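Notes follow the structure.
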Amino acid sequence: MMWLFEFYETEVIYLRIHRMSATFGKLSQRTLHLSDGLNIIQAPNETGKSTWCAFLLSMLYGINSRERDRVGFIADKNRYAPWSGAAMAGRLDCRIGGNELTLLRETKRQTAPLGDFKAVRAGTMDEYPGLTGQNCGETLLGVSREVYERSAFIRQAGLPVTQDAGLEKRIAALITTGEEDTSYSEAAAALNKQLNRRRHNKTGRLPALELELADTVSQLEALTGAEAQLSDQHRELSRLTEQEAELSRLLKLHDLWDASKERRLLSEAEDAAEAAEQTAVTLRRRAEEARLPENETIGRLRGAIVNLETVRKSVNAAMAEKDAAMKAGVKAETAVSESPFAGRTAEEAHRVAQNAPPIRPKTWWFPILLLAVGAGGTFLLSALNGEPYPLWAFATMGGIGFLLGIYAVFSRERGDRKKQTAYLAAYGASSAEDLAALADDYAAACRRRDEAQNAVVKATATYDALYASLTSNEQGILLEVRRFAPAAFDIPAADAALRECAVRRRELTVAENAAEAARLRYETMRRQIPEQTAPVEEPSAPPTQSRETLNTELLSAKAALSAAQSASDRLTGQIAALGGREALEAQTEQLRLQIDVLEGEYQSIALAMETLDDANAALQNRFSPLLGRRTAELFSSLTDGAYSGVVLDRSFRLSAEPTGDTVWRDAGLLSTGAGDQLYLAARLAICELVLPDTDPPPLVLDDALANFDDSRCASALRLLKEEGKKRQLLLFTCHSREAAFFADDPEVSVQRLTNDPSEV
């Protein structure tokens with residue numbers, strides 16, 4: 001085997017892995033330490049055992065970034081994308097011979113996970129020569145990824161050995177010449193491909209040549225008819241060419257006539273443009289002499305005059321409002337003056353109404369009091385005189401007192417009414433309520449008078465402001481109009497002057513537009529009409545046939561000529577493609593010779609395939625017994641002698657012979673555990689056969705013993721321990737029996753992993 005490391009030409013290189021650190025799939029900055037020999041890594045399901053195995057393979061051989069997801073399949077770049085969201089990265093510390101190396105892979109581009117590779121010497125960070133991300137695995141292990149995965153890299157779901165061209169080449173090289181460039185399946189496929197290229201049912205080169213020969217014969221038969229048709233087309237082309245020339249001559253006469261007419265129209269357009277420009281120049285000069293204002297000024301002043309009418313109407317309306325307000329003020333003032341409270345304020349009027357003399361209520365207690373006083377006085381006098389008065393005396397004095405009291409009550413009431421009547425009469429009221437109503441009316445009249453006076457003031461101010469604005473605007477308009485119309489001393493005259501200016505400006509604008517349009521029409525006609533030299537003799541009249549008729553006939557003639565030319569070209573092309581009679585006959589002879597040659601090659605390739613099958617059978621007879629014997633030895637050891645023989649074909653299909661039984665059992669008929677043991681034995685035998693003896697790569701088993709019973713598991717473990725003396729061996733398992741089996745064995749490294757992220 002050729003190594004890339006020059007200083008190891010005489011040494012035996014042993015790859016031993018010390019430690020793996022991964023950010024890969026569910027592994028987030030996790031580290032796994034390994035020892036020489038057999039390593040038992042016990043871990044429950046979903047702890048990352050298969051992920052560690054995939055990580056080791058990716059560190060050695062990289063990840064195929066071009067691989068895509070398919071139905072039922074997830075590419076490694078997606079399957080093992082870190083769950084933490086970090087970039088995929090890894091480190092592998094190992095020993096090669098006497099050198100300690102560190103392999104580093106990082107992800108710098110998302111499309112190339114683990115694409116950045118570096119191999120350095122441990123402790124120095126000096127790059128190790130010769131190792132790249134592409135050749136690392138094959139350089140360190142001595143085999144390609146395909147061979148390694150089908151030999152020393154054993155998964156539970158991948159125990160059976162599948163056929164691969166790389167594995168086939170290596171086996172062939174080991175038992176023949178030593179060169180890994182020969183594969184029966186590839187050679188057979190290549191020969192079969194060459195055979196099919198020549199003939200495969202109705203496809204291939206031979207059927208194609210036979211069809212081509214038949215087509216060539218058919219072309220020879222069509223050649224004579226094509227030459228006759230070509231002669232007829234040449235005669236038709238000559239006739240149509242003469243017809244096209246005559247029609248073109250007649251159309252040329254039309255062109256000469258139209259050109260003469262266009263020259264006349266162009267001259268007329270030029271004269272019209274010059275006349276229109278002269279008119280515009282004259283009107284423009286007159287406008288400048290008359291100092292005509294611009295259209296914008298005319299429009300603005302006329303708009304101002306129109307606005308004057310609006311302002312004048314507003315002045316008239318304000319005058320009417322002022323007159324109405326003054327009339328309302330006079331009326332309101334009259335109403336106040338006619339009131340009995342005239343000259344007083346509304347508050348004073350209300351106080352006058354409130355101060356009217358009241359009519360006091362009748363005091364009936366007073367007559368009763370006088371009655372009591374009269375009777376009491378009589379009784380007192382009777383007592384003082386010492387003799388009692390008669391009863392009528394008491395009644396008489398009491399009655400007199402009562403009558404006097406009644407008189408006093410009515411007398412006071414008459415006095416109050418007299419005072420009140422006199423007070424009310426002074427203000428023309430008949431009652432206190434009437435007087436209060438008069439006071440309220442007076443207060444309302446005062447308010448209306450005040451409001452009317454305010455309205456008069458406001459209307460007067462509005463009228464004055466509008467009148468001042470009207471006068472100012474009129475003066476401003478007249479001052480501006482007199483600049484170009486000195487005779488305009490009033491608004492009607494100014495309006496008439498502006499109307500005349502607008503008419504003259506409009507005439508100037510029309511003239512300028514007409515001049516511009518005439519000049520544009522002339523320029524357009526001049527550009528559209530190409531410069532022509534007048535013919536020596538212009539046609540006196542156009543042809544009798546119209547241009548439309550001649551164009552129609554010319555188009556028909558050209559279409560017929562084009563069709564005839566196309567038919568002639570097609571026939572010429574067909575004849576040229578046929579190559580003439582001599583060329584077709586030569587091609588026919590050449591095709592027959594090619595068919596004879598290919599028939600000979602077909603027979604030779606068929607004979608070569610028979611020879612290759614014979615050689616393959618001979619090679620298989622050399623290879624299968626060697627691998628079968630070693631597989632049988634290992635399988636017998638694993639099953640405690642239950643099976644004594646194993647055979648396998650070129651596609652690695654296995655069959656086992658039970659001890660004492662002559663009937664071979666296909667691997668598919670064995671139990672799951674026995675089948676796994678048979679495939680493990682075949683894998684170990686292939687490792688011995690195809691992997692380097694001087695540098696045995698590490699053996700990796702991912703739950704490969706899961707279906708073994710305890711007895712056969714113990715046999716397998718003893719076998720693997722012996723294998724671990726020759727190479728480093730990593731056994732990942734979800735069971736505890738493997739660790740228990742080697743619990744007291746110092747030669748075997750046992751470690752247990754958990755789901756604890758802090759575990760190192």
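A note on labels: chains of the structure tokens are A, B, ... as shown, every chain counts residues from 1, and ligands are counted from 1 in their shown order.
Taking the backbone of this structure through DSSP, the residues of stretch 100-307 of chain A that come out as strand (DSSP E or B) are Glu100, Leu101, Thr102, Leu103, Leu104, Arg105, Glu106, Arg109, Ala112, Asp116, Phe117, Lys118, Ala119, Val120, Arg121, Glu127, Phe153, Ile154, Arg155, His200 and Thr203 of chain A.
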What would the file look like if the residues just selected were written as a tab-separated table (two decimals), in the first residue's frame with N, CA, C and O atoms?
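Okay, this is what ended up in selection_17.tsv:
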chain	number	residue	atom	x	y	z
A	100	GLU	N	1.34	11.76	17.54
A	100	GLU	CA	0.01	12.12	18.04
A	100	GLU	C	-0.56	13.21	17.12
A	100	GLU	O	0.07	14.24	16.90
A	101	LEU	N	-1.76	12.95	16.61
A	101	LEU	CA	-2.39	13.88	15.68
A	101	LEU	C	-3.74	14.33	16.22
A	101	LEU	O	-4.39	13.62	17.01
A	102	THR	N	-4.16	15.50	15.76
A	102	THR	CA	-5.51	16.01	16.04
A	102	THR	C	-6.15	16.36	14.70
A	102	THR	O	-5.61	17.17	13.93
A	103	LEU	N	-7.27	15.72	14.41
A	103	LEU	CA	-8.04	16.01	13.19
A	103	LEU	C	-9.17	16.96	13.56
A	103	LEU	O	-9.94	16.69	14.48
A	104	LEU	N	-9.27	18.07	12.85
A	104	LEU	CA	-10.29	19.09	13.12
A	104	LEU	C	-11.14	19.29	11.87
A	104	LEU	O	-10.60	19.41	10.76
A	105	ARG	N	-12.45	19.32	12.07
A	105	ARG	CA	-13.37	19.65	10.97
A	105	ARG	C	-14.35	20.71	11.48
A	105	ARG	O	-14.91	20.56	12.57
A	106	GLU	N	-14.55	21.74	10.69
A	106	GLU	CA	-15.48	22.81	11.05
A	106	GLU	C	-16.39	23.11	9.87
A	106	GLU	O	-16.14	22.66	8.74
A	109	ARG	N	-19.14	27.15	5.76
A	109	ARG	CA	-20.24	27.44	4.84
A	109	ARG	C	-21.37	26.45	5.12
A	109	ARG	O	-21.13	25.25	5.22
A	112	ALA	N	-21.63	23.35	3.09
A	112	ALA	CA	-20.55	22.36	3.15
A	112	ALA	C	-20.27	22.02	4.62
A	112	ALA	O	-19.27	22.47	5.19
A	116	ASP	N	-14.42	22.23	6.30
A	116	ASP	CA	-13.10	22.82	6.57
A	116	ASP	C	-12.29	21.83	7.40
A	116	ASP	O	-12.63	21.54	8.56
A	117	PHE	N	-11.19	21.27	6.85
A	117	PHE	CA	-10.42	20.18	7.48
A	117	PHE	C	-9.01	20.67	7.81
A	117	PHE	O	-8.41	21.45	7.07
A	118	LYS	N	-8.52	20.17	8.94
A	118	LYS	CA	-7.14	20.48	9.32
A	118	LYS	C	-6.61	19.29	10.14
A	118	LYS	O	-7.30	18.78	11.02
A	119	ALA	N	-5.38	18.87	9.85
A	119	ALA	CA	-4.69	17.82	10.61
A	119	ALA	C	-3.42	18.44	11.18
A	119	ALA	O	-2.57	18.93	10.43
A	120	VAL	N	-3.30	18.44	12.51
A	120	VAL	CA	-2.15	19.07	13.16
A	120	VAL	C	-1.51	18.08	14.13
A	120	VAL	O	-2.15	17.14	14.61
A	121	ARG	N	-0.25	18.34	14.44
A	121	ARG	CA	0.44	17.54	15.44
A	121	ARG	C	-0.05	17.99	16.81
A	121	ARG	O	-0.16	19.18	17.08
A	127	GLU	N	0.74	21.85	11.03
A	127	GLU	CA	-0.06	21.04	10.12
A	127	GLU	C	0.69	19.78	9.72
A	127	GLU	O	1.90	19.80	9.48
A	153	PHE	N	-17.13	-1.51	9.65
A	153	PHE	CA	-18.09	-0.57	10.24
A	153	PHE	C	-19.45	-1.27	10.24
A	153	PHE	O	-20.13	-1.36	9.21
A	154	ILE	N	-19.84	-1.77	11.41
A	154	ILE	CA	-20.97	-2.71	11.48
A	154	ILE	C	-22.09	-2.08	12.29
A	154	ILE	O	-21.94	-1.79	13.48
A	155	ARG	N	-23.22	-1.84	11.64
A	155	ARG	CA	-24.42	-1.35	12.32
A	155	ARG	C	-25.39	-2.51	12.50
A	155	ARG	O	-25.38	-3.48	11.73
A	200	HIS	N	-29.86	-4.12	-29.57
A	200	HIS	CA	-30.67	-4.50	-28.41
A	200	HIS	C	-32.13	-4.45	-28.86
A	200	HIS	O	-32.74	-3.38	-28.93
A	203	THR	N	-33.25	-1.57	-31.08
A	203	THR	CA	-32.42	-0.39	-30.89
A	203	THR	C	-30.96	-0.77	-31.06
A	203	THR	O	-30.61	-1.95	-31.13
So that I can check the secondary structure, give me every residue of stretch 35-262 of chain A assigned alpha helix (DSSP H) by backbone DSSP, as a ChimeraX atom specification. /A:49-61,76-79,136-141,145-149,165-175,184-198,205-262
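By chain and then residue number, the residues within 10 Å of A:Leu571 are A:Leu223, A:Gly225, A:Ala226, A:Glu227, A:Ala228, A:Gln229, A:Leu230, A:Ser231, A:Gln233, A:Gln565, A:Ala577, counting only C-alpha atoms and disregarding those fewer than 6 positions away in sequence.
Closest approach to A:Asn355 among A:Ser337, A:Ser546, A:Gln420, A:Thr124 is made by A:Gln420 (distances from only C-alpha atoms).
Relative to atom CA of A:Glu723, atom CA of A:Ser644 is found at 21.2 Å.
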